[in-house]
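One file, coords_20.cif, is given below (mmCIF, C-alpha atoms and all ligand atoms).
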data_my_file
#
loop_
_atom_site.label_atom_id
_atom_site.label_comp_id
_atom_site.auth_asym_id
_atom_site.auth_seq_id
_atom_site.Cartn_x
_atom_site.Cartn_y
_atom_site.Cartn_z
CA MET A 94 -26.03 -13.55 -10.74
CA ASP A 95 -26.62 -17.25 -11.49
CA ASP A 96 -26.99 -20.17 -9.05
CA TYR A 97 -23.28 -20.88 -9.04
CA GLY A 98 -22.26 -17.28 -8.44
CA ASP A 99 -21.16 -15.61 -5.19
CA GLY A 100 -24.72 -14.89 -4.17
CA VAL A 101 -25.67 -18.56 -3.97
CA TYR A 102 -22.47 -19.64 -2.26
CA ALA A 103 -23.00 -16.89 0.33
CA ASP A 104 -26.50 -18.23 0.70
CA VAL A 105 -25.24 -21.82 1.16
CA GLU A 106 -23.93 -21.00 4.60
CA GLY A 107 -27.09 -19.30 5.77
CA PHE A 108 -29.25 -22.05 4.33
CA GLY A 109 -27.08 -24.74 5.90
CA GLN A 110 -27.36 -23.09 9.28
CA ARG A 111 -31.13 -22.76 9.07
CA LEU A 112 -31.41 -26.34 7.85
CA ASP A 113 -29.24 -27.50 10.71
CA GLU A 114 -31.27 -25.65 13.36
CA TRP A 115 -34.55 -26.83 11.92
CA SER A 116 -33.42 -30.42 11.54
CA SER A 117 -31.95 -30.81 15.04
CA GLU A 118 -35.41 -30.11 16.50
CA HIS A 119 -37.14 -32.06 13.79
CA PHE A 120 -35.15 -35.32 13.97
CA ARG A 121 -36.25 -35.97 17.46
CA THR A 122 -39.83 -36.42 16.49
CA ARG A 123 -39.91 -37.86 12.98
CA ASP A 124 -39.24 -41.18 11.42
CA ALA A 125 -36.12 -41.39 9.24
CA ARG A 126 -37.99 -42.34 6.06
CA SER A 127 -40.03 -39.17 6.03
CA HIS A 128 -37.09 -36.81 6.63
CA LYS A 129 -36.14 -36.07 3.08
CA GLN A 130 -39.71 -35.36 2.03
CA ASP A 131 -40.19 -33.20 5.11
CA ILE A 132 -37.08 -31.21 4.44
CA LEU A 133 -38.12 -30.59 0.88
CA SER A 134 -41.58 -29.42 1.94
CA SER A 135 -40.39 -27.56 5.04
CA GLY A 136 -40.29 -24.13 3.51
CA ILE A 137 -36.51 -24.09 3.98
CA LYS A 138 -35.74 -24.17 0.31
CA PRO A 139 -32.63 -23.25 -1.56
CA ARG A 140 -33.01 -20.72 -4.32
CA GLY A 141 -32.68 -22.36 -7.72
CA THR A 142 -31.27 -25.84 -8.16
CA CYS A 143 -27.76 -25.45 -6.83
CA PRO A 144 -26.15 -28.95 -6.60
CA VAL A 145 -24.29 -27.97 -3.44
CA LEU A 146 -27.56 -27.37 -1.66
CA ARG A 147 -29.10 -30.55 -3.07
CA ASN A 148 -26.10 -32.44 -1.69
CA MET A 149 -26.58 -30.86 1.67
CA ILE A 150 -30.18 -31.98 1.77
CA GLU A 151 -29.10 -35.51 0.83
CA GLN A 152 -26.45 -35.40 3.53
CA VAL A 153 -28.79 -34.12 6.22
CA SER A 154 -31.35 -36.70 5.23
CA THR A 155 -28.79 -39.51 5.54
CA ASN A 156 -27.60 -38.14 8.88
CA ALA A 157 -31.20 -38.07 10.02
CA GLY A 158 -31.54 -41.78 9.41
CA ALA A 159 -28.36 -42.48 11.36
CA ALA A 160 -29.44 -40.17 14.19
CA THR A 161 -32.82 -41.86 14.47
CA THR A 162 -31.19 -45.30 14.59
CA ARG A 163 -28.74 -44.10 17.24
CA ALA A 164 -31.54 -42.56 19.30
CA ARG A 165 -33.47 -45.87 19.18
CA ARG A 166 -30.38 -47.84 20.21
CA ASP A 167 -29.19 -45.43 22.94
CA GLY A 168 -32.57 -44.53 24.42
CA PRO A 169 -32.77 -47.47 26.87
CA ILE A 170 -29.16 -46.83 27.96
CA GLY A 171 -29.90 -43.16 28.67
CA TRP A 172 -33.06 -43.98 30.60
CA TRP A 173 -31.27 -46.69 32.59
CA LEU A 174 -28.61 -44.13 33.60
CA LEU A 175 -31.33 -41.65 34.57
CA VAL A 176 -32.94 -44.29 36.82
CA CYS A 177 -29.51 -44.78 38.46
CA CYS A 178 -29.31 -40.98 38.95
CA VAL A 179 -32.70 -40.96 40.69
CA LEU A 180 -31.48 -43.76 42.99
CA VAL A 181 -28.24 -41.88 43.79
CA PHE A 182 -30.32 -38.75 44.50
CA GLY A 183 -32.46 -40.82 46.90
CA MET A 184 -29.33 -42.25 48.48
CA VAL A 185 -27.94 -38.78 49.25
CA VAL A 186 -31.22 -37.70 50.86
CA LEU A 187 -31.56 -40.95 52.82
CA GLY A 188 -27.94 -40.54 53.97
CA GLY A 189 -28.86 -37.08 55.26
CA VAL A 190 -31.90 -38.42 57.13
CA THR A 191 -29.74 -41.21 58.62
CA ARG A 192 -27.28 -38.61 59.92
CA LEU A 193 -29.97 -36.22 61.14
CA THR A 194 -31.82 -38.93 63.11
CA GLY A 195 -28.56 -40.01 64.77
CA SER A 196 -28.81 -43.43 63.15
CA GLY A 197 -25.50 -43.57 61.28
CA LEU A 198 -23.55 -45.45 63.96
CA SER A 199 -26.23 -48.01 64.81
CA MET A 200 -24.68 -50.85 62.75
CA VAL A 201 -21.20 -51.44 64.07
CA ASN A 202 -20.23 -54.15 61.56
CA TRP A 203 -19.89 -54.05 57.82
CA LYS A 204 -20.86 -57.28 56.05
CA PRO A 205 -21.16 -56.44 52.36
CA VAL A 206 -22.79 -59.79 51.44
CA SER A 207 -24.40 -61.36 54.53
CA GLY A 208 -25.54 -57.94 55.76
CA VAL A 209 -28.26 -57.88 53.09
CA LEU A 210 -30.69 -59.49 55.54
CA PRO A 211 -31.78 -57.61 58.68
CA PRO A 212 -32.15 -59.47 62.01
CA LEU A 213 -35.05 -61.89 61.45
CA ASP A 214 -35.81 -63.18 64.95
CA GLN A 215 -35.53 -62.07 68.55
CA ALA A 216 -32.15 -63.75 69.05
CA ALA A 217 -30.70 -61.94 66.03
CA TRP A 218 -32.04 -58.59 67.29
CA ASP A 219 -30.55 -59.26 70.71
CA ARG A 220 -27.16 -59.98 69.12
CA GLU A 221 -27.28 -56.83 67.01
CA PHE A 222 -28.27 -54.72 70.01
CA GLU A 223 -25.50 -56.33 72.06
CA HIS A 224 -22.93 -55.18 69.50
CA TYR A 225 -24.35 -51.65 69.62
CA ARG A 226 -24.25 -51.61 73.43
CA ASP A 227 -20.50 -52.16 73.19
CA SER A 228 -20.11 -49.06 71.01
CA PRO A 229 -18.92 -45.66 72.28
CA GLU A 230 -22.09 -44.00 70.96
CA TYR A 231 -24.26 -46.15 73.22
CA ALA A 232 -22.03 -45.40 76.21
CA THR A 233 -21.85 -41.65 75.68
CA VAL A 234 -25.05 -40.67 73.85
CA ASN A 235 -27.72 -43.39 74.09
CA LYS A 236 -27.06 -45.10 77.42
CA GLY A 237 -30.13 -47.01 78.59
CA MET A 238 -31.73 -47.05 75.14
CA SER A 239 -34.42 -49.74 74.72
CA LEU A 240 -34.39 -52.40 72.01
CA ASP A 241 -37.42 -50.73 70.39
CA ASP A 242 -35.65 -47.37 70.23
CA PHE A 243 -32.57 -49.14 68.84
CA LYS A 244 -34.70 -50.66 66.08
CA GLY A 245 -35.82 -47.10 65.21
CA ILE A 246 -32.27 -45.95 64.45
CA PHE A 247 -31.17 -49.32 63.01
CA TRP A 248 -33.72 -49.25 60.18
CA PHE A 249 -32.46 -45.94 58.74
CA GLU A 250 -28.86 -47.12 58.53
CA TYR A 251 -29.99 -50.53 57.24
CA ALA A 252 -32.13 -48.87 54.51
CA HIS A 253 -29.20 -46.63 53.54
CA ARG A 254 -26.89 -49.63 53.11
CA LEU A 255 -29.56 -51.68 51.34
CA LEU A 256 -30.22 -48.87 48.85
CA GLY A 257 -26.46 -48.75 48.21
CA ARG A 258 -26.50 -52.44 47.28
CA LEU A 259 -29.64 -51.96 45.16
CA ILE A 260 -27.93 -49.17 43.20
CA GLY A 261 -24.97 -51.51 42.62
CA ALA A 262 -27.29 -54.18 41.19
CA VAL A 263 -29.44 -51.76 39.13
CA PHE A 264 -26.22 -50.44 37.64
CA LEU A 265 -24.29 -53.68 37.12
CA ILE A 266 -26.93 -56.01 35.66
CA PRO A 267 -28.09 -53.79 32.76
CA PHE A 268 -24.47 -52.76 32.19
CA LEU A 269 -23.47 -56.40 31.63
CA TYR A 270 -26.52 -56.92 29.42
CA PHE A 271 -25.72 -53.90 27.21
CA LEU A 272 -22.06 -54.93 27.10
CA ILE A 273 -22.77 -58.52 26.07
CA ARG A 274 -25.32 -57.40 23.45
CA ARG A 275 -22.72 -54.93 22.10
CA ARG A 276 -25.11 -52.03 22.59
CA LEU A 277 -22.53 -49.69 24.16
CA GLN A 278 -20.63 -47.08 22.16
CA PRO A 279 -16.90 -47.81 22.49
CA SER A 280 -16.34 -44.52 24.34
CA LEU A 281 -19.16 -45.22 26.80
CA ALA A 282 -17.92 -48.53 28.25
CA PRO A 283 -14.84 -47.06 30.06
CA GLN A 284 -17.01 -44.27 31.48
CA LEU A 285 -19.48 -46.80 32.87
CA VAL A 286 -16.67 -48.92 34.35
CA THR A 287 -15.31 -45.77 36.04
CA MET A 288 -18.75 -45.06 37.50
CA PHE A 289 -18.96 -48.58 38.89
CA VAL A 290 -15.50 -48.35 40.45
CA LEU A 291 -16.39 -44.96 41.99
CA GLY A 292 -19.58 -46.52 43.37
CA GLY A 293 -17.54 -49.28 45.02
CA LEU A 294 -15.15 -46.69 46.46
CA GLN A 295 -18.14 -44.78 47.80
CA GLY A 296 -19.22 -47.87 49.75
CA LEU A 297 -15.72 -48.20 51.23
CA LEU A 298 -15.63 -44.49 52.04
CA GLY A 299 -19.00 -44.79 53.78
CA TRP A 300 -17.64 -47.50 56.05
CA TYR A 301 -14.42 -45.51 56.62
CA MET A 302 -16.64 -42.59 57.70
CA VAL A 303 -18.70 -44.74 60.08
CA LYS A 304 -15.51 -46.16 61.60
CA SER A 305 -14.41 -42.66 62.61
CA GLY A 306 -17.40 -42.60 64.98
CA LEU A 307 -16.79 -46.05 66.49
CA VAL A 308 -13.87 -44.84 68.60
CA ASP A 309 -13.91 -43.19 72.03
CA ASP A 310 -15.28 -39.93 70.65
CA ALA A 311 -18.57 -41.11 69.12
CA ARG A 312 -18.60 -38.42 66.45
CA VAL A 313 -18.21 -38.94 62.72
CA SER A 314 -15.28 -36.99 61.27
CA GLN A 315 -16.49 -33.94 59.32
CA TYR A 316 -13.68 -34.54 56.82
CA ARG A 317 -14.88 -38.06 56.06
CA LEU A 318 -18.52 -36.89 55.93
CA ALA A 319 -17.58 -34.19 53.42
CA ALA A 320 -15.54 -36.70 51.37
CA HIS A 321 -18.50 -39.14 51.38
CA LEU A 322 -20.94 -36.44 50.22
CA GLY A 323 -18.41 -35.04 47.73
CA LEU A 324 -17.86 -38.42 46.06
CA ALA A 325 -21.64 -39.03 45.93
CA MET A 326 -22.03 -35.68 44.17
CA LEU A 327 -19.20 -36.46 41.74
CA ILE A 328 -20.79 -39.80 40.82
CA TYR A 329 -24.15 -38.07 40.40
CA VAL A 330 -22.76 -35.30 38.19
CA PHE A 331 -20.80 -37.80 36.07
CA MET A 332 -23.82 -40.08 35.66
CA LEU A 333 -26.31 -37.33 34.86
CA TRP A 334 -23.98 -35.67 32.33
CA THR A 335 -23.40 -39.03 30.66
CA ALA A 336 -27.14 -39.81 30.63
CA LEU A 337 -27.93 -36.45 29.03
CA GLY A 338 -25.22 -37.07 26.44
CA VAL A 339 -26.57 -40.51 25.57
CA LEU A 340 -30.19 -39.34 25.38
CA ARG A 341 -29.29 -36.31 23.28
CA ARG A 342 -27.04 -38.23 20.91
CA GLY A 343 -29.81 -38.53 18.34
CA VAL A 344 -30.12 -34.76 18.27
CA SER A 345 -26.66 -33.35 18.55
CA THR A 346 -23.41 -35.26 18.75
CA LYS A 347 -20.83 -32.60 19.25
CA PRO A 348 -20.49 -29.29 21.04
CA ARG A 349 -21.88 -26.43 18.99
CA GLY A 350 -19.22 -24.04 20.29
CA TRP A 351 -19.23 -22.12 23.56
CA SER A 352 -21.96 -19.56 23.83
CA ARG A 353 -21.66 -16.87 26.49
CA LEU A 354 -24.08 -18.92 28.59
CA ALA A 355 -22.02 -22.12 28.69
CA PRO A 356 -18.96 -20.95 30.70
CA LEU A 357 -21.19 -19.01 33.11
CA THR A 358 -23.28 -22.08 33.90
CA MET A 359 -20.14 -24.21 34.33
CA ILE A 360 -18.82 -21.71 36.88
CA LEU A 361 -22.15 -21.90 38.71
CA VAL A 362 -22.03 -25.71 38.79
CA VAL A 363 -18.63 -25.44 40.50
CA ALA A 364 -19.97 -22.77 42.89
CA VAL A 365 -22.93 -24.94 43.92
CA PHE A 366 -20.58 -27.91 44.36
CA ILE A 367 -18.29 -25.91 46.68
CA THR A 368 -21.27 -24.50 48.63
CA MET A 369 -22.57 -28.04 49.12
CA MET A 370 -19.17 -29.18 50.37
CA SER A 371 -19.13 -26.31 52.85
CA GLY A 372 -22.63 -27.43 53.93
CA ALA A 373 -21.20 -30.87 54.66
CA PHE A 374 -18.75 -29.26 57.11
CA VAL A 375 -21.65 -27.37 58.77
CA ALA A 376 -23.49 -30.68 59.11
CA GLY A 377 -20.39 -32.62 60.23
CA LEU A 378 -19.57 -30.13 62.99
CA LYS A 379 -23.26 -29.74 63.94
CA ALA A 380 -22.62 -26.04 63.38
CA GLY A 381 -26.30 -25.49 62.52
CA PHE A 382 -27.11 -25.60 66.24
CA SER A 383 -25.16 -22.37 66.89
CA TYR A 384 -25.81 -18.79 65.73
CA ASN A 385 -29.48 -19.47 64.94
CA THR A 386 -30.16 -16.01 63.54
CA PHE A 387 -29.94 -14.57 60.05
CA PRO A 388 -28.30 -12.47 58.65
CA LEU A 389 -26.42 -11.61 61.86
CA MET A 390 -24.30 -14.08 63.82
CA ALA A 391 -24.25 -13.19 67.55
CA GLY A 392 -25.40 -9.70 66.58
CA LYS A 393 -22.67 -9.15 63.99
CA LEU A 394 -22.30 -9.62 60.27
CA VAL A 395 -18.78 -10.98 60.84
CA PRO A 396 -18.76 -12.73 64.21
CA ASP A 397 -15.92 -12.80 66.72
CA GLY A 398 -13.80 -15.92 67.10
CA MET A 399 -13.37 -16.72 63.43
CA TRP A 400 -9.63 -17.31 63.76
CA SER A 401 -9.30 -18.76 67.25
CA VAL A 402 -7.90 -22.14 66.14
CA THR A 403 -4.23 -22.53 65.19
CA PRO A 404 -2.85 -23.05 62.64
CA ALA A 405 -5.19 -20.56 60.95
CA TYR A 406 -6.23 -22.73 57.99
CA LEU A 407 -7.82 -25.24 60.36
CA ASN A 408 -10.50 -22.67 61.16
CA LEU A 409 -11.95 -23.35 57.70
CA PHE A 410 -12.71 -26.95 58.64
CA GLU A 411 -12.79 -27.19 62.44
CA ASN A 412 -14.10 -23.90 63.83
CA VAL A 413 -17.93 -23.92 64.13
CA THR A 414 -18.10 -20.11 63.74
CA THR A 415 -15.93 -19.94 60.63
CA VAL A 416 -17.52 -23.00 59.01
CA GLN A 417 -21.02 -21.60 59.41
CA PHE A 418 -19.94 -18.11 58.31
CA ASN A 419 -18.30 -19.54 55.18
CA HIS A 420 -21.39 -21.57 54.28
CA ARG A 421 -23.56 -18.45 54.56
CA VAL A 422 -21.20 -16.36 52.43
CA LEU A 423 -20.72 -19.04 49.77
CA ALA A 424 -24.46 -19.76 49.63
CA ILE A 425 -25.47 -16.11 49.29
CA ALA A 426 -22.73 -15.43 46.71
CA THR A 427 -23.86 -18.46 44.66
CA PHE A 428 -27.49 -17.40 44.98
CA LEU A 429 -26.73 -13.83 43.81
CA ALA A 430 -24.65 -15.14 40.89
CA ILE A 431 -27.60 -17.33 39.80
CA ILE A 432 -30.00 -14.38 40.00
CA VAL A 433 -27.58 -12.19 37.99
CA LEU A 434 -27.33 -14.94 35.34
CA TRP A 435 -31.13 -15.16 35.26
CA LEU A 436 -31.38 -11.38 34.71
CA VAL A 437 -28.61 -11.29 32.09
CA ALA A 438 -30.07 -14.31 30.26
CA ARG A 439 -33.32 -12.42 29.65
CA ARG A 440 -31.43 -10.37 27.08
CA MET A 441 -29.70 -13.37 25.45
CA ASN A 442 -30.98 -15.14 22.38
CA LEU A 443 -31.76 -18.53 23.95
CA SER A 444 -33.69 -21.62 22.96
CA ARG A 445 -36.95 -22.50 24.71
CA SER A 446 -35.39 -25.30 26.73
CA GLN A 447 -32.45 -23.13 27.81
CA ARG A 448 -34.93 -20.50 29.00
CA LEU A 449 -36.90 -23.16 30.88
CA TRP A 450 -33.82 -24.47 32.69
CA ILE A 451 -32.72 -20.94 33.63
CA HIS A 452 -36.09 -20.25 35.25
CA ALA A 453 -35.94 -23.63 37.03
CA THR A 454 -32.44 -22.83 38.34
CA ALA A 455 -33.53 -19.45 39.70
CA VAL A 456 -36.57 -20.98 41.43
CA ALA A 457 -34.46 -23.83 42.89
CA ALA A 458 -31.92 -21.29 44.22
CA VAL A 459 -34.61 -19.17 45.92
CA VAL A 460 -36.19 -22.26 47.52
CA GLN A 461 -32.80 -23.59 48.62
CA VAL A 462 -31.78 -20.37 50.35
CA ALA A 463 -35.20 -20.17 52.05
CA LEU A 464 -34.79 -23.77 53.24
CA GLY A 465 -31.25 -23.08 54.51
CA ILE A 466 -32.31 -20.03 56.52
CA SER A 467 -35.37 -21.86 57.93
CA THR A 468 -33.22 -24.86 58.89
CA LEU A 469 -30.85 -22.54 60.73
CA VAL A 470 -33.32 -20.35 62.61
CA MET A 471 -35.43 -23.39 63.63
CA ARG A 472 -32.35 -25.23 64.96
CA VAL A 473 -32.14 -28.03 62.40
CA PRO A 474 -35.49 -29.89 62.51
CA VAL A 475 -35.05 -33.23 60.70
CA PRO A 476 -37.68 -32.72 57.91
CA LEU A 477 -36.44 -29.22 57.05
CA ALA A 478 -32.76 -30.17 57.13
CA ALA A 479 -33.49 -33.21 54.92
CA LEU A 480 -35.40 -30.95 52.50
CA HIS A 481 -32.43 -28.56 52.50
CA GLN A 482 -30.15 -31.44 51.50
CA ALA A 483 -32.61 -32.57 48.80
CA GLY A 484 -32.95 -28.96 47.63
CA ALA A 485 -29.19 -28.78 47.10
CA MET A 486 -29.37 -31.85 44.86
CA VAL A 487 -32.30 -30.37 42.92
CA LEU A 488 -30.35 -27.15 42.38
CA LEU A 489 -27.33 -29.12 41.19
CA THR A 490 -29.55 -31.13 38.83
CA VAL A 491 -31.30 -28.22 37.12
CA LEU A 492 -28.03 -26.34 36.82
CA LEU A 493 -26.41 -29.34 35.14
CA CYS A 494 -29.32 -29.62 32.70
CA LEU A 495 -28.91 -25.91 31.95
CA ALA A 496 -25.14 -26.33 31.52
CA TYR A 497 -25.73 -29.24 29.15
CA GLU A 498 -28.24 -27.30 27.06
CA ALA A 499 -25.87 -24.33 26.93
CA ARG A 500 -22.92 -26.49 25.90
CA TYR A 501 -24.51 -28.65 23.25
CA ARG A 502 -27.56 -26.82 21.99
CA CYS A 503 -26.58 -23.20 21.42
C1 LIG B 1 -27.02 -22.23 47.36
C2 LIG B 1 -27.49 -22.41 48.57
C3 LIG B 1 -27.16 -23.56 49.48
C4 LIG B 1 -26.69 -24.82 49.22
C5 LIG B 1 -26.34 -25.43 47.85
C6 LIG B 1 -26.56 -25.50 50.48
C7 LIG B 1 -26.13 -26.81 50.64
C8 LIG B 1 -26.07 -27.49 51.85
C9 LIG B 1 -25.81 -28.89 52.00
C10 LIG B 1 -25.55 -29.86 50.87
C11 LIG B 1 -25.88 -29.18 53.33
C12 LIG B 1 -25.82 -30.51 54.05
C13 LIG B 1 -24.66 -31.37 53.88
C14 LIG B 1 -24.80 -32.70 54.57
O1 LIG B 1 -25.84 -33.04 55.13
O2 LIG B 1 -23.84 -33.42 54.55
C15 LIG B 1 -26.15 -27.96 54.01
C16 LIG B 1 -26.27 -27.87 55.38
C17 LIG B 1 -26.68 -26.73 56.04
N1 LIG B 1 -26.96 -25.51 55.46
FE1 LIG B 1 -26.94 -25.06 53.50
N2 LIG B 1 -26.95 -24.65 51.49
C18 LIG B 1 -27.31 -23.46 50.92
C19 LIG B 1 -27.76 -22.33 51.60
C20 LIG B 1 -27.83 -22.18 52.96
C21 LIG B 1 -28.19 -20.98 53.67
C22 LIG B 1 -28.50 -19.63 53.01
C23 LIG B 1 -28.18 -21.28 54.99
C24 LIG B 1 -28.47 -20.39 56.18
C25 LIG B 1 -28.04 -19.19 56.31
C26 LIG B 1 -27.81 -22.67 55.14
C27 LIG B 1 -27.70 -23.34 56.33
C28 LIG B 1 -27.35 -24.66 56.47
C29 LIG B 1 -27.30 -25.36 57.73
C30 LIG B 1 -27.66 -24.80 59.09
C31 LIG B 1 -26.90 -26.68 57.45
C32 LIG B 1 -26.70 -27.83 58.45
C33 LIG B 1 -27.98 -28.63 58.53
C34 LIG B 1 -27.70 -30.04 59.03
O3 LIG B 1 -27.07 -30.19 60.05
O4 LIG B 1 -28.18 -30.95 58.37
N3 LIG B 1 -27.60 -23.18 53.88
N4 LIG B 1 -26.29 -26.94 53.09
#
Please render this file's structure as structure tokens.
Amino acid sequence: MDDYGDGVYADVEGFGQRLDEWSSEHFRTRDARSHKQDILSSGIKPRGTCPVLRNMIEQVSTNAGAATTRARRDGPIGWWLLVCCVLVFGMVVLGGVTRLTGSGLSMVNWKPVSGVLPPLDQAAWDREFEHYRDSPEYATVNKGMSLDDFKGIFWFEYAHRLLGRLIGAVFLIPFLYFLIRRRLQPSLAPQLVTMFVLGGLQGLLGWYMVKSGLVDDARVSQYRLAAHLGLAMLIYVFMLWTALGVLRRGVSTKPRGWSRLAPLTMILVVAVFITMMSGAFVAGLKAGFSYNTFPLMAGKLVPDGMWSVTPAYLNLFENVTTVQFNHRVLAIATFLAIIVLWLVARRMNLSRSQRLWIHATAVAAVVQVALGISTLVMRVPVPLAALHQAGAMVLLTVLLCLAYEARYRC
């Protein structure tokens, strides 16, 4: 059979696929000019001199140049988004510490612009403390608190708000720069605007949450706390997914089809998200201070009093017993699903990076469950509970990286 016969055309597909796999790894590391030579000396050679295959090499070589240029142009944008992700991660953990140290209601006013500066002299501190002494939390929880103790809780809430403003600036200034220099892909600009709007909404939601604790009952609404954490997670997921897309653009621009791994990891991302939301209700109701044993709750696997509130659906959000039980069940189910995926994936034909992210996900899940149980049985010590919150974000992060690898680099 000659080069133009069935044998060669059957071979075109196999060759193209091998060339594609080889080149997607290769383009990340090599300069565009050397691509063609590299391809020709790579050992991936077509049999004979089939013009179709020669064309493919030309095409891949041209694409390589474009991909390298794109990677150079998009790199700073991807890294900038990753820096924003790190800041949002820090913001979630700092928010948790602020809640756990009982600092969240220490600033009773919201001044988006003038509030950048903390009290700078004694008179300013006295004024700030005076405002706090008028608040229900002071009257019911911290009566008789000294100015020094007040400063202790003030600084956490102040740092949380300041970091929020910093994230706004770190996002907005480079965004405007990239926009003015026309460095943004047309599809990216609307996504970045959406992120910025969501960030602004998150600030408003934070204040709406604080306001729920500035009334007679000095307790932040668990619904608003969950909404605040949920929106933070949404922004984080959106930003990280976009950053991965921008950084990977030089390697692979479009989905390579759904492997078996991709839908499974997407389901797990949703499961972790829901488990985290249920954790927010545990935190909001301070449900971690009850039933401090594991796996039993008051000596039973399924405790009494799960449906004592009417109407029944309110038990899911307002009954300490049910909320804690649900968090346990969701967490353990998510954990087991991750371990099953880890076991199943050992028999799948995966890339090195997919394998790495699967191991990282399994380790993060084990650590997270261990942290959750320790937080519970030790009655919510601040460092452990803060680590448990950070652990949830780490788990979400590695799972998203795995989901991205599964979706775009099968
Ligand atoms: C996949 C595993 C888990 C995830 C993703 C997860 C996630 C979370 C999150 C995000 C919070 C805090 C929300 C907030 O501060 O607003 C939380 C709180 C909590 N979780 Fe988990 N959790 C997991 C496993 C567990 C387990 C197995 C237990 C114990 C049986 C547990 C016990 C707790 C407790 C007691 C709190 C409240 C701590 C506090 O008041 O700060 N968690 N969880």
Review point. Do you know which residues are at most 12 Å from A:Leu436 counting all atoms listed in the file, after dropping those on the same chain fewer than 4 positions away, and could you put them as a ChimeraX atom specification?
Key: /A:429-432,440-441,448,451-452,455
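Of the residues listed (A:Val365, A:Leu269, A:Leu324, A:Leu354), A:Val365 shows the shortest atom-to-atom separation from ligand LIG 1 (chain B); distances use all atoms listed in the file.
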Review point. Between atom CA of A:Ala311 and atom C10 of ligand LIG 1 (chain B), what is the distance, to one decimal in Å?
Key: 22.5 Å
As a quick test: using only C-alpha atoms and all ligand atoms, which residues lie no more than 6 Å away from ligand LIG 1 (chain B)? Give them as an mmCIF file with C-alpha atoms, in the coordinates of the input.
data_model
loop_
_atom_site.group_PDB
_atom_site.id
_atom_site.type_symbol
_atom_site.label_atom_id
_atom_site.label_comp_id
_atom_site.auth_asym_id
_atom_site.auth_seq_id
_atom_site.Cartn_x
_atom_site.Cartn_y
_atom_site.Cartn_z
ATOM 1 C CA GLY A 189 -28.860 -37.080 55.260
ATOM 2 C CA VAL A 365 -22.930 -24.940 43.920
ATOM 3 C CA THR A 368 -21.270 -24.500 48.630
ATOM 4 C CA MET A 369 -22.570 -28.040 49.120
ATOM 5 C CA GLY A 372 -22.630 -27.430 53.930
ATOM 6 C CA ALA A 373 -21.200 -30.870 54.660
ATOM 7 C CA VAL A 375 -21.650 -27.370 58.770
ATOM 8 C CA ALA A 376 -23.490 -30.680 59.110
ATOM 9 C CA LYS A 379 -23.260 -29.740 63.940
ATOM 10 C CA GLY A 381 -26.300 -25.490 62.520
ATOM 11 C CA ARG A 421 -23.560 -18.450 54.560
ATOM 12 C CA ALA A 424 -24.460 -19.760 49.630
ATOM 13 C CA ILE A 425 -25.470 -16.110 49.290
ATOM 14 C CA THR A 427 -23.860 -18.460 44.660
ATOM 15 C CA PHE A 428 -27.490 -17.400 44.980
ATOM 16 C CA ALA A 458 -31.920 -21.290 44.220
ATOM 17 C CA GLN A 461 -32.800 -23.590 48.620
ATOM 18 C CA VAL A 462 -31.780 -20.370 50.350
ATOM 19 C CA GLY A 465 -31.250 -23.080 54.510
ATOM 20 C CA ILE A 466 -32.310 -20.030 56.520
ATOM 21 C CA THR A 468 -33.220 -24.860 58.890
ATOM 22 C CA LEU A 469 -30.850 -22.540 60.730
ATOM 23 C CA VAL A 473 -32.140 -28.030 62.400
ATOM 24 C CA ALA A 478 -32.760 -30.170 57.130
ATOM 25 C CA GLN A 482 -30.150 -31.440 51.500
ATOM 26 C CA ALA A 485 -29.190 -28.780 47.100
#
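Between A:Ala217 and the residues A:Leu240, A:Phe289, A:Trp173, A:Ser401, the shortest atom-to-atom distance, using all atoms listed in the file, involves A:Leu240.
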**Study point:** A:Leu333 surroundings by all atoms listed in the file, 9 Å radius, close-in-sequence under 2 positions cut, as a ChimeraX atom specification
**Key:** /A:174-175,177-178,328-331,335-338,490,493-494
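Between atom CA of A:Val416 and atom CA of A:Asp397 the separation is 12.9 Å.
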Study note, to complete from the structure: Of A:Ile367, A:Pro279, A:Phe410, A:Arg220, the one sitting nearest A:Arg317 when using only C-alpha atoms is A:Phe410
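Closest approach to A:Val433 among A:Leu357, A:Leu489, A:Thr403, A:Leu210: A:Leu357, based on all atoms listed in the file.
As for atom CA of A:Gly245 and atom CA of A:Gly183, they are spaced 19.6 Å apart.
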Per residue of stretch 282-375 of chain A within 9 Å of stretch 257-265 of chain A, record the nearest atom pair and its distance in Å to one decimal, counting only C-alpha atoms, with rows in chain order and ascending residue number, as a Markdown table.
| residue | atom | partner | partner_atom | distance |
| --- | --- | --- | --- | --- |
| A:Phe289 | CA | A:Leu265 | CA | 7.6 |
| A:Gly292 | CA | A:Gly261 | CA | 7.4 |
| A:Gly293 | CA | A:Gly261 | CA | 8.1 |
| A:Gly296 | CA | A:Gly257 | CA | 7.5 |
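Between A:Leu327 and the residues A:Phe182, A:His253, A:Met471, A:Ile266, the shortest atom-to-atom distance, using all atoms listed in the file, involves A:Phe182.
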